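Here's input-v2.tsv, which has TSV, C-alpha atoms:
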```
chain	number	residue	atom	x	y	z
I	73	MET	CA	-3.01	-13.50	-14.44
I	74	LYS	CA	0.11	-15.44	-13.38
I	75	ASP	CA	-0.28	-17.47	-10.21
I	76	PHE	CA	1.44	-20.12	-8.08
I	77	LYS	CA	1.18	-22.68	-10.88
I	78	ASP	CA	3.18	-20.34	-13.16
I	79	LEU	CA	5.69	-18.87	-10.71
I	80	GLY	CA	6.09	-21.40	-7.90
I	81	VAL	CA	6.76	-20.19	-4.37
I	82	HIS	CA	7.11	-16.41	-4.45
I	83	CYS	CA	6.07	-13.11	-2.86
I	84	GLY	CA	4.04	-10.38	-4.49
I	85	VAL	CA	4.50	-6.84	-3.16
I	86	ASP	CA	2.57	-3.60	-3.60
I	87	GLU	CA	1.94	-0.31	-1.82
I	88	VAL	CA	-0.87	2.23	-1.59
I	89	GLY	CA	-1.22	5.83	-0.49
I	90	ARG	CA	1.60	7.49	-2.40
I	91	GLY	CA	-0.61	10.31	-3.66
I	92	ALA	CA	-2.53	11.01	-0.45
I	93	TRP	CA	-2.19	14.31	1.41
I	94	SER	CA	-2.23	12.68	4.81
I	95	GLY	CA	-1.55	9.42	6.57
I	96	PRO	CA	1.02	6.72	5.87
I	97	VAL	CA	2.02	4.89	2.75
I	98	VAL	CA	1.29	1.20	3.34
I	99	ALA	CA	2.98	-1.80	1.71
I	100	ALA	CA	2.00	-5.44	1.78
I	101	ALA	CA	3.77	-8.64	0.75
I	102	VAL	CA	1.83	-11.85	0.17
I	103	ARG	CA	3.69	-15.19	-0.06
I	104	PHE	CA	2.21	-17.73	-2.42
I	105	LYS	CA	3.41	-21.24	-1.55
I	106	LYS	CA	0.43	-23.34	-2.61
I	107	ARG	CA	-2.54	-23.45	-4.91
I	108	HIS	CA	-5.58	-21.56	-3.70
I	109	ASN	CA	-9.27	-21.17	-4.36
I	110	ILE	CA	-9.57	-17.41	-4.04
I	111	ILE	CA	-11.70	-16.10	-6.90
I	112	GLY	CA	-11.54	-12.51	-8.11
I	113	LEU	CA	-8.00	-11.36	-7.28
I	114	ALA	CA	-7.43	-8.12	-9.18
I	115	ASP	CA	-5.88	-4.69	-8.83
I	116	SER	CA	-7.49	-3.24	-5.69
I	117	LYS	CA	-8.44	-0.04	-7.55
I	118	SER	CA	-10.71	-2.05	-9.85
I	119	LEU	CA	-12.70	-3.63	-6.99
I	120	SER	CA	-15.57	-2.31	-4.90
I	121	ALA	CA	-14.88	-1.65	-1.21
I	122	GLN	CA	-17.12	-4.57	-0.24
I	123	THR	CA	-15.29	-6.98	-2.56
I	124	ARG	CA	-11.89	-5.77	-1.37
I	125	ILE	CA	-12.77	-6.42	2.27
I	126	LYS	CA	-14.11	-9.91	1.48
I	127	LEU	CA	-10.94	-10.78	-0.43
I	128	TYR	CA	-8.76	-9.21	2.27
I	129	PHE	CA	-9.99	-11.69	4.88
I	130	GLU	CA	-9.71	-14.62	2.43
I	131	ILE	CA	-6.10	-13.64	1.69
I	132	LEU	CA	-5.22	-13.40	5.40
I	133	GLU	CA	-6.71	-16.85	6.00
I	134	THR	CA	-4.85	-18.42	3.06
I	135	PHE	CA	-1.37	-16.88	2.82
I	136	SER	CA	1.48	-15.50	4.88
I	137	VAL	CA	1.17	-11.73	4.80
I	138	GLY	CA	3.50	-8.91	5.84
I	139	VAL	CA	2.34	-5.30	6.15
I	140	SER	CA	4.45	-2.21	6.78
I	141	PHE	CA	3.54	1.45	7.34
I	142	SER	CA	5.68	4.51	6.59
I	143	SER	CA	4.33	7.56	8.43
I	144	ALA	CA	3.73	11.07	7.18
I	145	LYS	CA	6.72	12.20	9.27
I	146	VAL	CA	9.01	9.70	7.55
I	147	ILE	CA	7.60	10.66	4.14
I	148	ASP	CA	8.40	14.30	4.86
I	149	THR	CA	11.90	13.39	6.01
I	150	VAL	CA	13.07	11.09	3.19
I	151	ASN	CA	10.48	11.64	0.38
I	152	ILE	CA	7.59	9.53	-0.84
I	153	LEU	CA	9.52	7.23	-3.19
I	154	LYS	CA	12.09	6.20	-0.56
I	155	SER	CA	9.32	5.77	2.02
I	156	SER	CA	7.34	3.54	-0.34
I	157	LEU	CA	10.33	1.38	-1.23
I	158	SER	CA	11.35	1.10	2.43
I	159	ALA	CA	7.84	-0.01	3.41
I	160	MET	CA	7.85	-2.59	0.61
I	161	GLN	CA	11.24	-3.89	1.75
I	162	GLU	CA	10.03	-4.24	5.35
I	163	ALA	CA	6.83	-5.99	4.28
I	164	VAL	CA	8.81	-8.56	2.24
I	165	GLN	CA	11.27	-9.21	5.04
I	166	LYS	CA	8.37	-10.17	7.33
I	167	VAL	CA	7.29	-13.14	5.16
I	168	SER	CA	9.86	-14.08	2.51
I	169	LYS	CA	12.22	-17.05	2.65
I	170	ALA	CA	15.74	-17.19	1.24
I	171	ASN	CA	14.91	-18.81	-2.12
I	172	ASP	CA	11.66	-16.99	-2.88
I	173	SER	CA	11.22	-15.04	-6.09
I	174	LEU	CA	10.02	-11.50	-5.37
I	175	PHE	CA	7.68	-9.55	-7.62
I	176	PHE	CA	7.28	-5.82	-6.88
I	177	ASP	CA	4.63	-3.64	-8.46
I	178	GLY	CA	6.12	-0.64	-10.25
I	179	ASN	CA	9.39	0.20	-11.96
I	180	SER	CA	11.77	0.32	-8.97
I	181	LEU	CA	13.18	-2.17	-6.50
I	182	PRO	CA	13.98	-1.47	-2.85
I	183	LYS	CA	17.72	-0.96	-2.32
I	184	GLU	CA	18.06	-4.27	-0.46
I	185	PHE	CA	16.87	-6.22	-3.51
I	186	VAL	CA	18.50	-4.39	-6.44
I	187	SER	CA	21.22	-7.03	-6.79
I	188	ASN	CA	18.90	-9.97	-6.07
I	189	SER	CA	18.58	-12.06	-9.23
I	190	LYS	CA	15.18	-13.29	-8.07
I	191	ALA	CA	13.67	-9.81	-7.53
I	192	TYR	CA	11.66	-8.22	-10.33
I	193	SER	CA	9.87	-4.91	-10.74
I	194	ILE	CA	6.70	-5.30	-12.81
I	195	VAL	CA	4.93	-2.23	-14.20
I	196	LYS	CA	1.17	-2.66	-13.61
I	197	GLY	CA	2.03	-5.89	-11.83
I	198	ASP	CA	-1.22	-5.79	-9.85
I	199	SER	CA	-3.07	-6.61	-13.09
I	200	LYS	CA	-0.55	-9.27	-14.21
I	201	ILE	CA	0.43	-11.35	-11.16
I	202	ALA	CA	-2.09	-12.71	-8.66
I	203	SER	CA	0.19	-12.32	-5.63
I	204	ILE	CA	0.77	-8.64	-6.41
I	205	ALA	CA	-2.99	-8.18	-6.79
I	206	ALA	CA	-3.43	-9.83	-3.40
I	207	ALA	CA	-0.79	-7.50	-1.92
I	208	SER	CA	-2.55	-4.47	-3.41
I	209	ILE	CA	-5.80	-5.54	-1.74
I	210	VAL	CA	-4.16	-6.12	1.65
I	211	ALA	CA	-2.30	-2.80	1.50
I	212	LYS	CA	-5.41	-0.86	0.42
I	213	VAL	CA	-7.74	-2.34	3.04
I	214	SER	CA	-5.10	-2.02	5.78
I	215	ARG	CA	-4.60	1.65	4.95
I	216	ASP	CA	-8.33	2.34	4.67
I	217	PHE	CA	-8.93	0.79	8.11
I	218	TYR	CA	-6.08	2.85	9.55
I	219	MET	CA	-7.33	6.12	8.05
I	220	LYS	CA	-10.81	5.43	9.42
I	221	SER	CA	-9.28	4.98	12.87
I	222	LEU	CA	-7.39	8.27	12.46
I	223	ASN	CA	-10.68	9.93	11.61
I	224	ILE	CA	-11.76	9.27	15.21
I	225	ARG	CA	-8.70	11.19	16.50
I	226	TYR	CA	-8.97	13.93	13.88
I	227	PRO	CA	-12.66	14.32	13.03
I	228	GLY	CA	-13.85	16.70	10.35
I	229	TYR	CA	-11.43	15.89	7.51
I	230	GLY	CA	-13.64	13.17	6.05
I	231	TRP	CA	-10.93	10.54	6.25
I	232	GLU	CA	-13.54	7.82	6.74
I	233	LYS	CA	-14.42	8.41	3.06
I	234	ASN	CA	-11.53	10.19	1.34
I	235	VAL	CA	-8.84	8.26	3.32
I	236	GLY	CA	-6.54	11.29	3.19
I	237	TYR	CA	-6.61	12.03	-0.53
I	238	GLY	CA	-6.84	15.56	-1.88
I	239	VAL	CA	-10.54	15.81	-2.64
I	240	GLU	CA	-12.47	19.06	-2.25
I	241	GLN	CA	-13.99	17.96	1.08
I	242	HIS	CA	-10.50	17.45	2.51
I	243	LYS	CA	-9.24	20.77	1.16
I	244	VAL	CA	-12.18	22.69	2.68
I	245	ALA	CA	-11.63	20.95	6.03
I	246	ILE	CA	-7.96	21.97	6.05
I	247	TYR	CA	-8.88	25.62	5.54
I	248	LYS	CA	-11.39	25.30	8.38
I	249	LEU	CA	-9.50	23.09	10.86
I	250	GLY	CA	-5.87	23.54	9.89
I	251	ILE	CA	-3.16	20.97	9.27
I	252	ASN	CA	-2.41	18.23	11.80
I	253	THR	CA	0.47	15.84	12.44
I	254	GLU	CA	-0.86	13.31	9.91
I	255	HIS	CA	-0.60	15.73	6.98
I	256	ARG	CA	2.38	15.44	4.63
I	257	ARG	CA	3.92	18.88	4.86
I	258	SER	CA	6.38	18.20	2.03
I	259	PHE	CA	3.54	17.68	-0.45
I	260	LYS	CA	3.02	20.77	-2.56
I	261	PRO	CA	-0.72	21.33	-1.83
I	262	ILE	CA	-0.12	21.09	1.93
I	263	TYR	CA	3.08	23.14	1.77
I	264	ASN	CA	1.27	25.86	-0.16
I	265	MET	CA	-1.52	25.98	2.42
I	266	LEU	CA	1.06	26.31	5.20
I	267	CYS	CA	2.58	29.28	3.37
I	268	LEU	CA	-0.71	31.19	3.14
```
What does the file become when written as structure tokens?
Amino acid sequence: MKDFKDLGVHCGVDEVGRGAWSGPVVAAAVRFKKRHNIIGLADSKSLSAQTRIKLYFEILETFSVGVSFSSAKVIDTVNILKSSLSAMQEAVQKVSKANDSLFFDGNSLPKEFVSNSKAYSIVKGDSKIASIAAASIVAKVSRDFYMKSLNIRYPGYGWEKNVGYGVEQHKVAIYKLGINTEHRRSFKPIYNMLCL
């Protein structure tokens, strides 16, 4: 996995939550400007929850980190892709410096960085570049914590476990409790339930 020694000072950027039925999409940018001793950086999806949380706190103690949320309301207004790219752009702007290289997970760049010669989109970047892996961990843990806090306001949907994704438990809860302000009404499964 490429790291500071390979890429110099740079930011890695990733987002999570694009496929969820409820809650925000969350992006994180992590600025690598020095060597580090963090062991085990990897795509957040490949790590256990316990490992992710441990690495999350190590990353926050070691690097400059920017996190940005794009709400369900914004997702419904502009669509999930634009919301994700906007959140990534905001996260980068919180930590990047003028001469940093920028590495975004995925195949698209936020509009602000399309003409930036130092901005790159990397498909499966969270398994190729350590800073993107770090960003994926920060984004995932930040979103999980947020969804667990929402579960206190909206109990019964199982968000403390399913974090807003479309599992059977969540679907059953929607039929029982209805849809709330954190649900993405533009998403086909939610839209179809609203039309019943």
Nearest-residue call for Ala170 of chain I, choices I:Arg256, I:Lys200, I:His82, I:His108, using only C-alpha atoms:
I:His82
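If you count only C-alpha atoms and ignore residues fewer than 4 places along the chain from segment 131-134 of chain I, what sits within 10 Å of it is Val102, Arg103, Phe104, Lys105, Lys106, Arg107, His108, Asn109, Ile110, Leu113, Ile125, Lys126, Leu127, Gly138, Ser203, Ala206, Ala207, Ile209 and Val210 of chain I.
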Nearest to Gly197 of chain I among I:Phe135, I:Phe76, I:Phe175, I:Phe217, with distances taken over all atoms listed in the file: which residue is it?
I:Phe175
Would you pick out the contacts of Asn264 of chain I at 12 Å or less, using only C-alpha atoms, so that residues sharing its chain but fewer than 3 positions from it are not included, and give the list as JSON, numbers by chain?
{"I": [243, 246, 247, 251, 256, 257, 258, 259, 260, 261, 267, 268]}
Interatomic distance, atom CA of Ser120 of chain I to atom CA of Gln161 of chain I (Å, one decimal):
27.7 Å
Could you jot down the atom CA of Ala99 of chain I to atom CA of Phe141 of chain I separation for me, Å, one decimal place?
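Computing the Euclidean distance for atom CA of Ala99 of chain I and atom CA of Phe141 of chain I yields 6.5 Å.
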Kindly give the distance, in Å, that separates atom CA of Ile224 of chain I and atom CA of Gly250 of chain I, rounded to a single decimal.
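Those two atoms sit 16.3 Å apart.
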Excluding Asp216 of chain I and its own-chain neighbours fewer than 5 positions away, which residues fall within 9 Å of it when counting only C-alpha atoms? Please give them as a PyMOL selection string.
chain I and resi 211+221+231-233+235
Counting all atoms listed in the file, which of I:Leu79, I:Leu157, I:Ala92, I:Leu266 gets nearest to Asn234 of chain I?
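Closest to Asn234 of chain I of all the choices is I:Ala92.
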Neighbours of Trp93 of chain I within 6 Å (all atoms listed in the file; same-chain residues fewer than 5 positions away dropped), as a list in words?
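Listed by chain and then number, they are Gly236, Tyr237, Gly238, His255 and Arg256 of chain I.
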Quick one: of I:Ile201, I:Val150, I:Ile194, I:Ala101, who's nearest to Glu87 of chain I, counting all atoms listed in the file?
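That would be I:Ala101, the residue with the smallest distance to Glu87 of chain I.
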What's the 9 Å shell around Ala205 of chain I, counting only C-alpha atoms, without same-chain residues fewer than 6 positions away, as a ChimeraX atom specification?
/I:84-86,113-116,197-199
Which polymer residues, protein or nucleic acid, are no farther than 8 Å from (8.1, -4.9, 4.4), counting only C-alpha atoms, as a PyMOL selection string?
chain I and resi 99-101+138-140+158-166
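Among the candidates I:Ser94, I:Asn223, I:Thr123, I:Asn171, the residue lying nearest to Asp148 of chain I is I:Ser94 (atoms considered: only C-alpha atoms).
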